[in-house]
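Here is target29.txt, consisting of compact mmCIF, N, CA and C atoms:
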```txt
# COMPACT_ATOMS: atom_id res chain seq x y z
N MET A 61 0.84 -1.18 0.00
CA MET A 61 0.00 0.00 0.00
C MET A 61 0.89 1.25 0.00
N PRO A 62 0.67 2.18 -0.92
CA PRO A 62 1.52 3.37 -0.98
C PRO A 62 1.34 4.27 0.24
N THR A 63 2.42 4.90 0.62
CA THR A 63 2.41 5.84 1.73
C THR A 63 2.82 7.20 1.20
N PHE A 64 2.07 8.24 1.54
CA PHE A 64 2.36 9.58 1.07
C PHE A 64 2.75 10.45 2.26
N THR A 65 3.63 11.40 2.01
CA THR A 65 4.08 12.33 3.04
C THR A 65 3.77 13.74 2.58
N LYS A 66 3.16 14.51 3.46
CA LYS A 66 2.86 15.92 3.18
C LYS A 66 3.89 16.77 3.89
N ILE A 67 4.64 17.56 3.11
CA ILE A 67 5.63 18.47 3.67
C ILE A 67 5.01 19.86 3.64
N THR A 68 4.88 20.48 4.81
CA THR A 68 4.25 21.80 4.92
C THR A 68 5.33 22.86 5.09
N PHE A 69 5.15 24.00 4.39
CA PHE A 69 6.12 25.09 4.42
C PHE A 69 5.46 26.36 4.96
N ASP A 70 6.23 27.13 5.75
CA ASP A 70 5.77 28.42 6.24
C ASP A 70 5.99 29.50 5.19
N ASN A 71 7.01 29.33 4.35
CA ASN A 71 7.35 30.30 3.31
C ASN A 71 6.78 29.86 1.97
N PRO A 72 6.69 30.77 1.00
CA PRO A 72 6.19 30.39 -0.33
C PRO A 72 7.05 29.31 -0.98
N ILE A 73 6.41 28.41 -1.70
CA ILE A 73 7.09 27.34 -2.42
C ILE A 73 7.56 27.87 -3.76
N ASN A 74 8.76 27.47 -4.18
CA ASN A 74 9.31 27.87 -5.47
C ASN A 74 8.32 27.53 -6.58
N THR A 75 8.00 28.52 -7.42
CA THR A 75 7.00 28.33 -8.47
C THR A 75 7.47 27.37 -9.56
N SER A 76 8.75 27.03 -9.61
CA SER A 76 9.26 26.09 -10.60
C SER A 76 9.00 24.63 -10.23
N LEU A 77 8.65 24.37 -8.98
CA LEU A 77 8.40 23.00 -8.53
C LEU A 77 7.18 22.44 -9.23
N GLN A 78 7.32 21.23 -9.81
CA GLN A 78 6.24 20.58 -10.55
C GLN A 78 6.07 19.14 -10.09
N VAL A 79 4.92 18.58 -10.41
CA VAL A 79 4.68 17.16 -10.16
C VAL A 79 5.71 16.36 -10.96
N GLY A 80 6.33 15.37 -10.32
CA GLY A 80 7.34 14.55 -10.97
C GLY A 80 8.77 14.95 -10.66
N ASP A 81 8.98 16.16 -10.12
CA ASP A 81 10.33 16.58 -9.74
C ASP A 81 10.82 15.74 -8.57
N ALA A 82 12.13 15.59 -8.45
CA ALA A 82 12.74 14.83 -7.36
C ALA A 82 13.00 15.74 -6.17
N VAL A 83 12.62 15.29 -4.97
CA VAL A 83 12.83 16.06 -3.74
C VAL A 83 14.01 15.45 -2.98
N TYR A 84 14.89 16.33 -2.48
CA TYR A 84 16.04 15.93 -1.68
C TYR A 84 15.98 16.64 -0.33
N VAL A 85 16.59 16.02 0.68
CA VAL A 85 16.58 16.56 2.03
C VAL A 85 18.01 16.62 2.55
N SER A 86 18.38 17.73 3.18
CA SER A 86 19.70 17.88 3.81
C SER A 86 19.53 18.36 5.24
N ASP A 87 20.41 17.88 6.11
CA ASP A 87 20.43 18.37 7.49
C ASP A 87 21.29 19.63 7.55
N VAL A 88 20.94 20.53 8.45
CA VAL A 88 21.72 21.74 8.67
C VAL A 88 22.18 21.74 10.12
N VAL A 89 23.50 21.68 10.33
CA VAL A 89 24.08 21.67 11.67
C VAL A 89 25.13 22.77 11.74
N ASP A 90 24.91 23.74 12.60
CA ASP A 90 25.83 24.87 12.79
C ASP A 90 26.12 25.58 11.47
N GLY A 91 25.10 25.73 10.64
CA GLY A 91 25.24 26.44 9.38
C GLY A 91 25.84 25.62 8.25
N ILE A 92 26.15 24.35 8.50
CA ILE A 92 26.73 23.48 7.48
C ILE A 92 25.64 22.53 6.98
N VAL A 93 25.47 22.50 5.65
CA VAL A 93 24.45 21.66 5.04
C VAL A 93 25.08 20.34 4.62
N SER A 94 24.45 19.22 5.03
CA SER A 94 24.96 17.89 4.68
C SER A 94 24.65 17.56 3.22
N ASP A 95 25.21 16.47 2.75
CA ASP A 95 24.92 16.02 1.38
C ASP A 95 23.43 15.71 1.26
N PRO A 96 22.81 16.09 0.14
CA PRO A 96 21.37 15.82 -0.03
C PRO A 96 21.10 14.32 -0.15
N VAL A 97 19.97 13.91 0.43
CA VAL A 97 19.51 12.53 0.36
C VAL A 97 18.19 12.54 -0.40
N TYR A 98 18.06 11.64 -1.39
CA TYR A 98 16.84 11.57 -2.19
C TYR A 98 15.65 11.21 -1.30
N ALA A 99 14.61 12.03 -1.34
CA ALA A 99 13.41 11.77 -0.54
C ALA A 99 12.40 10.98 -1.37
N GLN A 100 11.96 11.55 -2.48
CA GLN A 100 11.02 10.89 -3.38
C GLN A 100 10.58 11.88 -4.43
N LYS A 101 9.68 11.46 -5.30
CA LYS A 101 9.17 12.36 -6.34
C LYS A 101 7.92 13.08 -5.85
N VAL A 102 7.68 14.25 -6.43
CA VAL A 102 6.53 15.08 -6.06
C VAL A 102 5.26 14.53 -6.71
N LEU A 103 4.22 14.34 -5.91
CA LEU A 103 2.93 13.89 -6.41
C LEU A 103 1.94 15.03 -6.53
N GLU A 104 2.09 16.04 -5.66
CA GLU A 104 1.14 17.17 -5.63
C GLU A 104 1.84 18.39 -5.06
N VAL A 105 1.55 19.55 -5.66
CA VAL A 105 2.03 20.82 -5.15
C VAL A 105 0.81 21.66 -4.81
N GLY A 106 0.65 22.02 -3.55
CA GLY A 106 -0.50 22.80 -3.12
C GLY A 106 -0.06 24.11 -2.50
N ALA A 107 -1.01 24.86 -2.00
CA ALA A 107 -0.73 26.13 -1.34
C ALA A 107 -0.07 25.84 0.01
N GLY A 108 1.24 26.01 0.09
CA GLY A 108 1.96 25.81 1.35
C GLY A 108 2.34 24.39 1.66
N HIS A 109 2.13 23.45 0.72
CA HIS A 109 2.54 22.07 0.98
C HIS A 109 2.95 21.36 -0.30
N VAL A 110 3.71 20.29 -0.12
CA VAL A 110 4.11 19.39 -1.20
C VAL A 110 3.85 17.98 -0.74
N MET A 111 3.22 17.19 -1.58
CA MET A 111 2.95 15.79 -1.27
C MET A 111 3.96 14.94 -2.05
N ILE A 112 4.69 14.06 -1.34
CA ILE A 112 5.66 13.19 -2.00
C ILE A 112 5.28 11.74 -1.80
N ASP A 113 5.77 10.89 -2.69
CA ASP A 113 5.54 9.45 -2.64
C ASP A 113 6.60 8.84 -1.74
N LYS A 114 6.33 8.79 -0.45
CA LYS A 114 7.32 8.36 0.55
C LYS A 114 7.20 6.88 0.85
N ASP A 115 8.33 6.19 0.72
CA ASP A 115 8.42 4.79 1.15
C ASP A 115 9.14 4.78 2.50
N PRO A 116 8.45 4.48 3.59
CA PRO A 116 9.07 4.56 4.92
C PRO A 116 10.32 3.69 5.08
N ALA A 117 10.44 2.62 4.30
CA ALA A 117 11.59 1.73 4.44
C ALA A 117 12.88 2.35 3.90
N THR A 118 12.77 3.22 2.89
CA THR A 118 13.97 3.78 2.26
C THR A 118 14.09 5.28 2.42
N MET A 119 13.09 5.92 2.96
CA MET A 119 13.03 7.38 3.02
C MET A 119 13.52 7.91 4.35
N PRO A 120 14.38 8.93 4.33
CA PRO A 120 14.77 9.55 5.59
C PRO A 120 13.59 10.31 6.20
N VAL A 121 13.59 10.43 7.52
CA VAL A 121 12.53 11.18 8.20
C VAL A 121 12.75 12.67 7.94
N ILE A 122 11.70 13.37 7.54
CA ILE A 122 11.78 14.80 7.29
C ILE A 122 11.32 15.52 8.53
N THR A 123 12.19 16.42 9.04
CA THR A 123 11.87 17.15 10.26
C THR A 123 12.00 18.65 10.03
N THR A 124 11.45 19.42 10.94
CA THR A 124 11.55 20.88 10.87
C THR A 124 13.01 21.30 10.95
N GLY A 125 13.39 22.27 10.14
CA GLY A 125 14.76 22.78 10.15
C GLY A 125 15.67 22.16 9.11
N GLN A 126 15.19 21.15 8.40
CA GLN A 126 15.99 20.56 7.34
C GLN A 126 15.90 21.42 6.08
N TYR A 127 16.89 21.28 5.21
CA TYR A 127 16.93 22.00 3.95
C TYR A 127 16.31 21.09 2.89
N ILE A 128 15.24 21.56 2.25
CA ILE A 128 14.54 20.79 1.22
C ILE A 128 14.87 21.41 -0.13
N LEU A 129 15.30 20.60 -1.08
CA LEU A 129 15.57 21.09 -2.42
C LEU A 129 14.99 20.13 -3.44
N PHE A 130 14.91 20.57 -4.70
CA PHE A 130 14.33 19.72 -5.72
C PHE A 130 15.15 19.79 -7.00
N GLN A 131 14.95 18.76 -7.83
CA GLN A 131 15.66 18.65 -9.10
C GLN A 131 14.63 18.41 -10.20
N LYS A 132 14.79 19.13 -11.31
CA LYS A 132 13.88 18.98 -12.44
C LYS A 132 14.22 17.72 -13.22
N ARG A 133 13.22 17.13 -13.85
CA ARG A 133 13.44 15.96 -14.70
C ARG A 133 14.01 16.43 -16.03
N ILE A 134 15.14 15.88 -16.43
CA ILE A 134 15.83 16.31 -17.65
C ILE A 134 15.01 15.97 -18.90
N GLU A 135 14.25 14.89 -18.87
CA GLU A 135 13.46 14.49 -20.03
C GLU A 135 12.38 15.53 -20.36
N ILE A 136 11.83 16.15 -19.35
CA ILE A 136 10.73 17.09 -19.54
C ILE A 136 11.24 18.51 -19.74
N ASN A 137 12.25 18.90 -19.01
CA ASN A 137 12.70 20.29 -19.00
C ASN A 137 14.03 20.50 -19.71
N GLU A 138 14.27 19.76 -20.77
CA GLU A 138 15.50 19.90 -21.53
C GLU A 138 15.44 21.21 -22.32
N SER A 139 16.53 21.96 -22.29
CA SER A 139 16.50 23.27 -22.94
C SER A 139 17.48 23.39 -24.10
N SER A 140 18.10 22.31 -24.50
CA SER A 140 19.05 22.39 -25.59
C SER A 140 18.36 22.13 -26.93
N LEU A 141 19.07 22.44 -28.02
CA LEU A 141 18.55 22.19 -29.37
C LEU A 141 18.46 20.70 -29.62
N LYS A 142 17.51 20.31 -30.46
CA LYS A 142 17.38 18.91 -30.83
C LYS A 142 17.43 18.80 -32.34
N GLY A 143 18.01 17.70 -32.83
CA GLY A 143 18.02 17.46 -34.27
C GLY A 143 19.39 17.12 -34.79
N TYR A 144 19.50 16.98 -36.11
CA TYR A 144 20.75 16.60 -36.76
C TYR A 144 21.30 17.71 -37.63
N TYR A 145 20.56 18.78 -37.85
CA TYR A 145 20.98 19.79 -38.79
C TYR A 145 20.69 21.18 -38.24
N ALA A 146 21.62 22.06 -38.41
CA ALA A 146 21.41 23.45 -38.00
C ALA A 146 22.04 24.34 -39.05
N ASP A 147 21.35 25.40 -39.42
CA ASP A 147 21.85 26.37 -40.38
C ASP A 147 21.88 27.72 -39.69
N VAL A 148 23.07 28.30 -39.56
CA VAL A 148 23.24 29.54 -38.82
C VAL A 148 23.89 30.56 -39.72
N THR A 149 23.38 31.79 -39.69
CA THR A 149 23.95 32.90 -40.45
C THR A 149 24.29 34.02 -39.49
N PHE A 150 25.54 34.50 -39.57
CA PHE A 150 25.98 35.63 -38.76
C PHE A 150 26.11 36.85 -39.67
N GLU A 151 25.52 37.94 -39.26
CA GLU A 151 25.60 39.18 -40.03
C GLU A 151 26.16 40.29 -39.17
N ASN A 152 26.97 41.14 -39.78
CA ASN A 152 27.54 42.28 -39.09
C ASN A 152 27.02 43.54 -39.76
N SER A 153 26.21 44.32 -39.09
CA SER A 153 25.67 45.54 -39.67
C SER A 153 26.45 46.77 -39.22
N SER A 154 27.57 46.55 -38.54
CA SER A 154 28.39 47.65 -38.06
C SER A 154 29.31 48.15 -39.17
N ASN A 155 29.68 49.42 -39.15
CA ASN A 155 30.62 49.98 -40.12
C ASN A 155 32.06 49.91 -39.62
N THR A 156 32.24 49.40 -38.40
CA THR A 156 33.58 49.30 -37.83
C THR A 156 34.05 47.85 -37.83
N LYS A 157 35.36 47.67 -37.65
CA LYS A 157 35.93 46.34 -37.60
C LYS A 157 35.36 45.58 -36.39
N THR A 158 34.93 44.36 -36.61
CA THR A 158 34.35 43.54 -35.56
C THR A 158 35.00 42.17 -35.59
N GLU A 159 35.30 41.62 -34.41
CA GLU A 159 35.89 40.29 -34.32
C GLU A 159 34.93 39.35 -33.60
N LEU A 160 34.89 38.13 -34.07
CA LEU A 160 34.09 37.09 -33.44
C LEU A 160 35.07 36.17 -32.71
N PHE A 161 34.98 36.10 -31.40
CA PHE A 161 35.94 35.35 -30.60
C PHE A 161 35.56 33.88 -30.44
N ALA A 162 34.27 33.58 -30.32
CA ALA A 162 33.88 32.19 -30.09
C ALA A 162 32.45 31.94 -30.53
N ILE A 163 32.22 30.73 -30.96
CA ILE A 163 30.87 30.26 -31.29
C ILE A 163 30.74 28.88 -30.66
N SER A 164 29.64 28.64 -29.96
CA SER A 164 29.44 27.32 -29.38
C SER A 164 27.96 26.97 -29.43
N SER A 165 27.69 25.67 -29.33
CA SER A 165 26.30 25.22 -29.30
C SER A 165 26.23 23.90 -28.56
N GLU A 166 25.03 23.57 -28.14
CA GLU A 166 24.78 22.28 -27.50
C GLU A 166 23.62 21.65 -28.26
N VAL A 167 23.89 20.56 -28.95
CA VAL A 167 22.88 19.91 -29.79
C VAL A 167 22.69 18.48 -29.30
N VAL A 168 21.43 18.06 -29.19
CA VAL A 168 21.10 16.70 -28.77
C VAL A 168 20.29 16.05 -29.87
N PRO A 169 20.71 14.89 -30.40
CA PRO A 169 19.91 14.22 -31.43
C PRO A 169 18.52 13.90 -30.90
N SER A 170 17.49 14.27 -31.65
CA SER A 170 16.13 14.13 -31.15
C SER A 170 15.57 12.72 -31.25
N SER A 171 16.17 11.84 -32.05
CA SER A 171 15.61 10.50 -32.20
C SER A 171 16.33 9.46 -31.36
N LYS A 172 17.24 9.90 -30.52
CA LYS A 172 17.97 8.91 -29.69
C LYS A 172 17.45 8.92 -28.29
```
What's the structure tokens form of this structure?
Amino acid sequence: MPTFTKITFDNPINTSLQVGDAVYVSDVVDGIVSDPVYAQKVLEVGAGHVMIDKDPATMPVITTGQYILFQKRIEINESSLKGYYADVTFENSSNTKTELFAISSEVVPSSK
């Protein structure tokens, strides 16, 4: 039987948090944040709370004062170009000498 955990926040929740994002928990001791531990994925984002799919056997206990962070799913929120072909044109409309120091891109094949 699935077990769900409701994490309640006093402060506003980051508007980028979405269902399916991964939640991590870190302890804070004397201003030092420990390595994040995977809590679970987000099932629901509400006003002042987040519901996660918590498995008590593998999930750390979430307590007040811990640092909660999240990670976006790369499959959904990928921001790089996709495809096998790109055609780029650079134009200089200036009347003065101009130098181009670097050109770079990040391309991901869309069918792989």
Discussion item. Just to confirm, what's the straight-line distance from atom C of A:Leu77 to atom CA of A:Glu135 in Å (one decimal)?
Written reply: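 Separating atom C of A:Leu77 from atom CA of A:Glu135 is a distance of 14.8 Å.
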Fill in: Two-atom distance - atom C of A:Ala146, atom CA of A:Ile134 (Å)
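Atom-to-atom, atom C of A:Ala146 and atom CA of A:Ile134 are spaced 23.7 Å apart.
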Discussion item. Can you pull out the residues contacting A:Val148? Cut-off 12 Å, using only C-alpha atoms, and skip same-chain residues under 5 positions away; I want them as a VMD selection string.
Written reply: chain A and resid 163 to 165
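Take atom CA of A:Arg133 and atom CA of A:Gln78: the distance between them is 9.5 Å.
Shortest atom-to-atom contact with A:Asp113 among A:Asp81, A:Asp90, A:Glu166, A:Asp70: A:Asp81, counting only C-alpha atoms.
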Just need the box for stretch 150-165 of chain A, edges along x, y and z, holding every atom the file lists for it with 8 Å tacked onto each side, so centre and edge lengths in Å to one decimal, as JSON.
```
{"center_x": 30.7, "center_y": 36.9, "center_z": -34.3, "size_x": 26.4, "size_y": 42.1, "size_z": 27.6}
```
Discussion item. Show me the residues close to (7.0, 10.0, -5.6) - anything with an atom within 6 Å, counting only N, CA and C atoms - and format the list as a PyMOL selection string.
Written reply: chain A and resi 100-103+112-114
Take the selection from the previous step and output its residues with N, CA and C atoms, as a compact mmCIF listing (two decimals), in the frame of the given file.
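Okay, this is what ended up in again11.txt:
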```
# COMPACT_ATOMS: atom_id res chain seq x y z
N GLN A 100 11.96 11.55 -2.48
CA GLN A 100 11.02 10.89 -3.38
C GLN A 100 10.58 11.88 -4.43
N LYS A 101 9.68 11.46 -5.30
CA LYS A 101 9.17 12.36 -6.34
C LYS A 101 7.92 13.08 -5.85
N VAL A 102 7.68 14.25 -6.43
CA VAL A 102 6.53 15.08 -6.06
C VAL A 102 5.26 14.53 -6.71
N LEU A 103 4.22 14.34 -5.91
CA LEU A 103 2.93 13.89 -6.41
C LEU A 103 1.94 15.03 -6.53
N ILE A 112 4.69 14.06 -1.34
CA ILE A 112 5.66 13.19 -2.00
C ILE A 112 5.28 11.74 -1.80
N ASP A 113 5.77 10.89 -2.69
CA ASP A 113 5.54 9.45 -2.64
C ASP A 113 6.60 8.84 -1.74
N LYS A 114 6.33 8.79 -0.45
CA LYS A 114 7.32 8.36 0.55
C LYS A 114 7.20 6.88 0.85
```
Worksheet item: When distances are computed from only N, CA and C atoms, which of A:Ile92, A:Ala99, A:Met111, A:Ile128 shows the smallest separation from A:Thr65?
Response: A:Met111
How would stretch 154-168 of chain A read, as a PDB file, in the coordinates of the input, once N, CA, C and O atoms are built in?
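The resulting result_35.pdb:
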```
ATOM      1  N   SER A 154      27.570  46.550 -38.540  1.00  0.00           N
ATOM      2  CA  SER A 154      28.390  47.650 -38.060  1.00  0.00           C
ATOM      3  C   SER A 154      29.310  48.150 -39.170  1.00  0.00           C
ATOM      4  O   SER A 154      29.715  47.394 -40.056  1.00  0.00           O
ATOM      5  N   ASN A 155      29.680  49.420 -39.150  1.00  0.00           N
ATOM      6  CA  ASN A 155      30.620  49.980 -40.120  1.00  0.00           C
ATOM      7  C   ASN A 155      32.060  49.910 -39.620  1.00  0.00           C
ATOM      8  O   ASN A 155      32.977  50.310 -40.324  1.00  0.00           O
ATOM      9  N   THR A 156      32.240  49.400 -38.400  1.00  0.00           N
ATOM     10  CA  THR A 156      33.580  49.300 -37.830  1.00  0.00           C
ATOM     11  C   THR A 156      34.050  47.850 -37.830  1.00  0.00           C
ATOM     12  O   THR A 156      33.239  46.920 -37.976  1.00  0.00           O
ATOM     13  N   LYS A 157      35.360  47.670 -37.650  1.00  0.00           N
ATOM     14  CA  LYS A 157      35.930  46.340 -37.600  1.00  0.00           C
ATOM     15  C   LYS A 157      35.360  45.580 -36.390  1.00  0.00           C
ATOM     16  O   LYS A 157      35.314  46.109 -35.288  1.00  0.00           O
ATOM     17  N   THR A 158      34.930  44.360 -36.610  1.00  0.00           N
ATOM     18  CA  THR A 158      34.350  43.540 -35.560  1.00  0.00           C
ATOM     19  C   THR A 158      35.000  42.170 -35.590  1.00  0.00           C
ATOM     20  O   THR A 158      35.228  41.620 -36.664  1.00  0.00           O
ATOM     21  N   GLU A 159      35.300  41.620 -34.410  1.00  0.00           N
ATOM     22  CA  GLU A 159      35.890  40.290 -34.320  1.00  0.00           C
ATOM     23  C   GLU A 159      34.930  39.350 -33.600  1.00  0.00           C
ATOM     24  O   GLU A 159      34.277  39.736 -32.641  1.00  0.00           O
ATOM     25  N   LEU A 160      34.890  38.130 -34.070  1.00  0.00           N
ATOM     26  CA  LEU A 160      34.090  37.090 -33.440  1.00  0.00           C
ATOM     27  C   LEU A 160      35.070  36.170 -32.710  1.00  0.00           C
ATOM     28  O   LEU A 160      35.931  35.559 -33.332  1.00  0.00           O
ATOM     29  N   PHE A 161      34.980  36.100 -31.400  1.00  0.00           N
ATOM     30  CA  PHE A 161      35.940  35.350 -30.600  1.00  0.00           C
ATOM     31  C   PHE A 161      35.560  33.880 -30.440  1.00  0.00           C
ATOM     32  O   PHE A 161      36.413  33.031 -30.390  1.00  0.00           O
ATOM     33  N   ALA A 162      34.270  33.580 -30.320  1.00  0.00           N
ATOM     34  CA  ALA A 162      33.880  32.190 -30.090  1.00  0.00           C
ATOM     35  C   ALA A 162      32.450  31.940 -30.530  1.00  0.00           C
ATOM     36  O   ALA A 162      31.604  32.828 -30.475  1.00  0.00           O
ATOM     37  N   ILE A 163      32.220  30.730 -30.960  1.00  0.00           N
ATOM     38  CA  ILE A 163      30.870  30.260 -31.290  1.00  0.00           C
ATOM     39  C   ILE A 163      30.740  28.880 -30.660  1.00  0.00           C
ATOM     40  O   ILE A 163      31.635  28.045 -30.784  1.00  0.00           O
ATOM     41  N   SER A 164      29.640  28.640 -29.960  1.00  0.00           N
ATOM     42  CA  SER A 164      29.440  27.320 -29.380  1.00  0.00           C
ATOM     43  C   SER A 164      27.960  26.970 -29.430  1.00  0.00           C
ATOM     44  O   SER A 164      27.101  27.823 -29.571  1.00  0.00           O
ATOM     45  N   SER A 165      27.690  25.670 -29.330  1.00  0.00           N
ATOM     46  CA  SER A 165      26.300  25.220 -29.300  1.00  0.00           C
ATOM     47  C   SER A 165      26.230  23.900 -28.560  1.00  0.00           C
ATOM     48  O   SER A 165      27.225  23.208 -28.374  1.00  0.00           O
ATOM     49  N   GLU A 166      25.030  23.570 -28.140  1.00  0.00           N
ATOM     50  CA  GLU A 166      24.780  22.280 -27.500  1.00  0.00           C
ATOM     51  C   GLU A 166      23.620  21.650 -28.260  1.00  0.00           C
ATOM     52  O   GLU A 166      22.508  22.158 -28.260  1.00  0.00           O
ATOM     53  N   VAL A 167      23.890  20.560 -28.950  1.00  0.00           N
ATOM     54  CA  VAL A 167      22.880  19.910 -29.790  1.00  0.00           C
ATOM     55  C   VAL A 167      22.690  18.480 -29.300  1.00  0.00           C
ATOM     56  O   VAL A 167      23.651  17.768 -29.048  1.00  0.00           O
ATOM     57  N   VAL A 168      21.430  18.060 -29.190  1.00  0.00           N
ATOM     58  CA  VAL A 168      21.100  16.700 -28.770  1.00  0.00           C
ATOM     59  C   VAL A 168      20.290  16.050 -29.870  1.00  0.00           C
ATOM     60  O   VAL A 168      19.269  16.603 -30.296  1.00  0.00           O
TER      61      VAL A 168
END
```
